[in-house]
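Novice: The structure that follows is given in the form of structure tokens.
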Amino acid sequence: MLMGGSSVASRRLGVRFARAREWSRRAMPRVALAAVALFLLRLFVRDTSLYQNTPVGGVLGPFTFCVCAVVLLYFGLKLAVRLKRKLLWKVRRRLIITYLFAGLTPVVLLLALGALAATGGSSQAMVRVVTVEIEATERHAHEGARALAEGLARLPPDASEREAQAWLDERASLLRASLPGARVAAWRARPGEDAGTLGESSPAQLVSHDGRPEARGVGPDAETDGRESLPHWLGGRESWSGFAYVYPSEESREAFGTPSVRALARGVAPGGRAVAVLLTVPVSRALVGRYHETTGVSIHPFFLPFTREEARRRGWNISFNFGQPEVERDPQSPKLAPGEKVVDLSHDQFGEGFTQLNGFEFPYPVFLDATEWREGKTAPRFAFLVDWSWAAGGRQFWSDAVLGPRWWQMLYVIAGIFLMLELMALFSAAWMTRAVTGTVHKLYRATESVKRGDFSHRIRTRSRDQLGELALAFNDMSANIETLLAERVGHERLKREVEIAHEVQAQLFPRSTPALRSANVAGECRAALGVAGDYYDFIEVAPGLVALTLGDVSGKGLSASLVMSNLQATLRAQVSIIAERLRVAAPAHAAQAASGDGAQSFEMSRGVAGAEDCGLVSRMAGRINEQLCRSTDADRFATLFLALYDDGARTLRYTNAGHNAPVLVRAGGTVERLWTGGTVLGAFDAVPFEEGKALLNDGDLLVVYSDGITEAQNATGEEYGEQRLAALAAARRAETVENIRQDIFDEIDRWTGQADRGDDQTLVILKAVNREP
């Protein structure tokens, strides 16, 4: 009877539990959505007066927390149950999890706790060492300032300023033996002047500097001469010392302050004449080096004079960068916006890098109580960084010469015992794993082979259970990975070859633009496939005569780049021949000018000697065509626009060998196209080329481009076109050549959107400017 009643109650309880599970399964997703809505509502209204000043906040906050906690608990339990079923279903996972919890977890926890304690203790010890050194420097500075004030007060009243300066320099040089880089400023009161306010309204009469470079302090205010007046908050104080700093100026781009140890001492001479001495010890390489010698700790000055809230109150926007800030990459752009300051996290205030940020070495911050020099407010500030490492931390713990080595020996013995116990546990786990299942052991050996990079290893198994199927799946996976790695090696080799070709090709493009008096030049090539088939160049043939060229080789990629390099070599060879010819012809022209031929002399003054040779550019194109025909296949050809610009005569002689006609925009806005030339290069041997000539006036703009510019397509497949390019050049003709180049590339990027470049894009821009006097 009792058993029957108990079973009925158990069934009822089971039914109720099943109903509760079913209800929670349906209701909890809705509760989760409600929890998200409540959390977002609280996030938006928590700063309003309705939330802070009414009972709504007192109810909404706890209710939101309870609902979110229930949701997280429910779904966390469901996730834990799922993970338990998934992880413990296979025998291998059961063994691994059991071993990890039973053997490795205590060891890992002990090691982590010991490492954390050692790291924290040693780093705090290093911070304490630095703090003690700063406090010692403050005491020495205070004592030195008092001694100088007393000595200065004892000088004869009739001592001249020169004699007082010599006395101050002598005492300051002795003081710098213990305070490297110390800077002394002194005030001598006039009769009747108040000693308590001496120095607040006038600069120092006597100043002694340490002129050594290593004694120069860090920070934007380190270059001051020390003659500034004392701040008003020191009024009435007989003495003061402390770690002080100065905010960066409004013009400074860096957010670092100027830290220093300062000490003030006032004194009164027997005759009633007051004196004041300010001793400043800047944070310099000499001071930091002294700290390193005495403590063995590597110290980096990294003084941040304010928090983010204080910076916002001052109207400053602090940005943190690693290396050069983004705004400094373009020399034409402004340095920083007004009120914006930068903290470079990769270097200290000396410009030196920190230790590598990893688990064994890292910089550790040092906070010190610092006083703002102009206002007198004292607050903890981020002052230094110390290089922490296991070696440096160990020296803080085991500095005792007698007991330190014994502690190390004891630790080595304990570590050896722990290592032996761990190895015993590992061998026991391996034996138990092999005893439970041989297939798991074979899988382990196979994974070790894969870890070494041997994907040819295969598992031999006769079992047809789940572990046997797992072994077969592992064999298939290893075979697939071996195939994929072989393909990847070939891909990486090809990728590296393309990178090398790109680096080599980058050396073929001009690294600088020629310096012309009557024109400015700019150019750029953007490759489509890592290496470009386009080519542009600026070559100075002779003083005042520059060859401008832009070529486009058929095709893309490596094959096109090889033809491009051949074209570049041929062109430069032809330019070298012409340069030699002009050099030889120059003395003859000079002799004609000296013989009194006024007309000839006037003609030479307008252009380079020999450059007016008609047909010079077209003959160059013909020789380049012959060379390409002999050295390339018949299906390889190139278009080329070749021009010689005479800086003196302001003339452009050109040949267009099948290239897109460049756009010549006159200063008035009219557009001309330079078509004169001939067919493409490398396709037909012994073809003639014509030569054109254009005179460039002030404000005229020449845009030479490749078909990758005009044939760039948007999302609908429409090409950009030559008309749009000409209109853009005419609209931007008043800009500089660099701005025009960038505007055209930006316009092409906006036109194509996120699509990859279908072809190489190259520009050469020449603009005639006012001739210099």
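Naming scheme: A, B, ... for chains in displayed order of the structure tokens; residues 1 onward per chain; ligands 1 onward as shown.
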Run DSSP on the backbone and give me the residues of region 583-763 of chain A it puts in strand (DSSP E or B), as a ChimeraX atom specification.
Specialist: /A:638-646,651-657,663-665,671-673,677-678,681,692-695,701-705,713,719,761-763
Novice: DSSP on the backbone, then: every residue of region 564-720 of chain A marked helix (DSSP H, G or I), written as a ChimeraX atom specification.
Specialist: /A:564-594,598-606,616-631,707-710
Novice: Can you pull out every residue within 12 Å of region 69-77 of chain A, counting only C-alpha atoms, but drop anything in the same chain fewer than 2 positions away, and send it as a list in words?
Specialist: Arg21, Ser24, Arg25, Ala27, Met28, Pro29, Arg30, Val31, Ala32, Leu33, Ala34, Ala35, Val36, Phe39, Pro62, Phe63, Thr64, Phe65, Cys66, Val67, Leu79, Ala80, Val81, Arg82, Leu83 and Lys84 of chain A
Novice: Residues near region 729-736 of chain A, anyone? I mean within 12 Å using only C-alpha atoms, not counting same-chain ones fewer than 4 positions away, as an MDAnalysis selection string.
Specialist: chainID A and resid 332 519:522 662:672 698:705 722:725 740:745 747 763 765:769
Novice: Compile the contact shell of region 571-575 of chain A as a list in words: residues with an atom at most 8 Å away, counting only C-alpha atoms, same-chain residues fewer than 2 positions apart removed.
Specialist: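 So, after excluding close chain neighbours, the residues are Ile539, Val541, Ala547, Leu567, Gln568, Ala569, Ile577, Ile578, Ala579, Met620, Arg623 and Ile624 of chain A.
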Novice: Choose the residue, out of A:Leu545, A:Leu41, A:Leu368, A:Gly351, that has the smallest atom-to-atom separation from Val56 (chain A); count only C-alpha atoms.
Specialist: A:Leu41
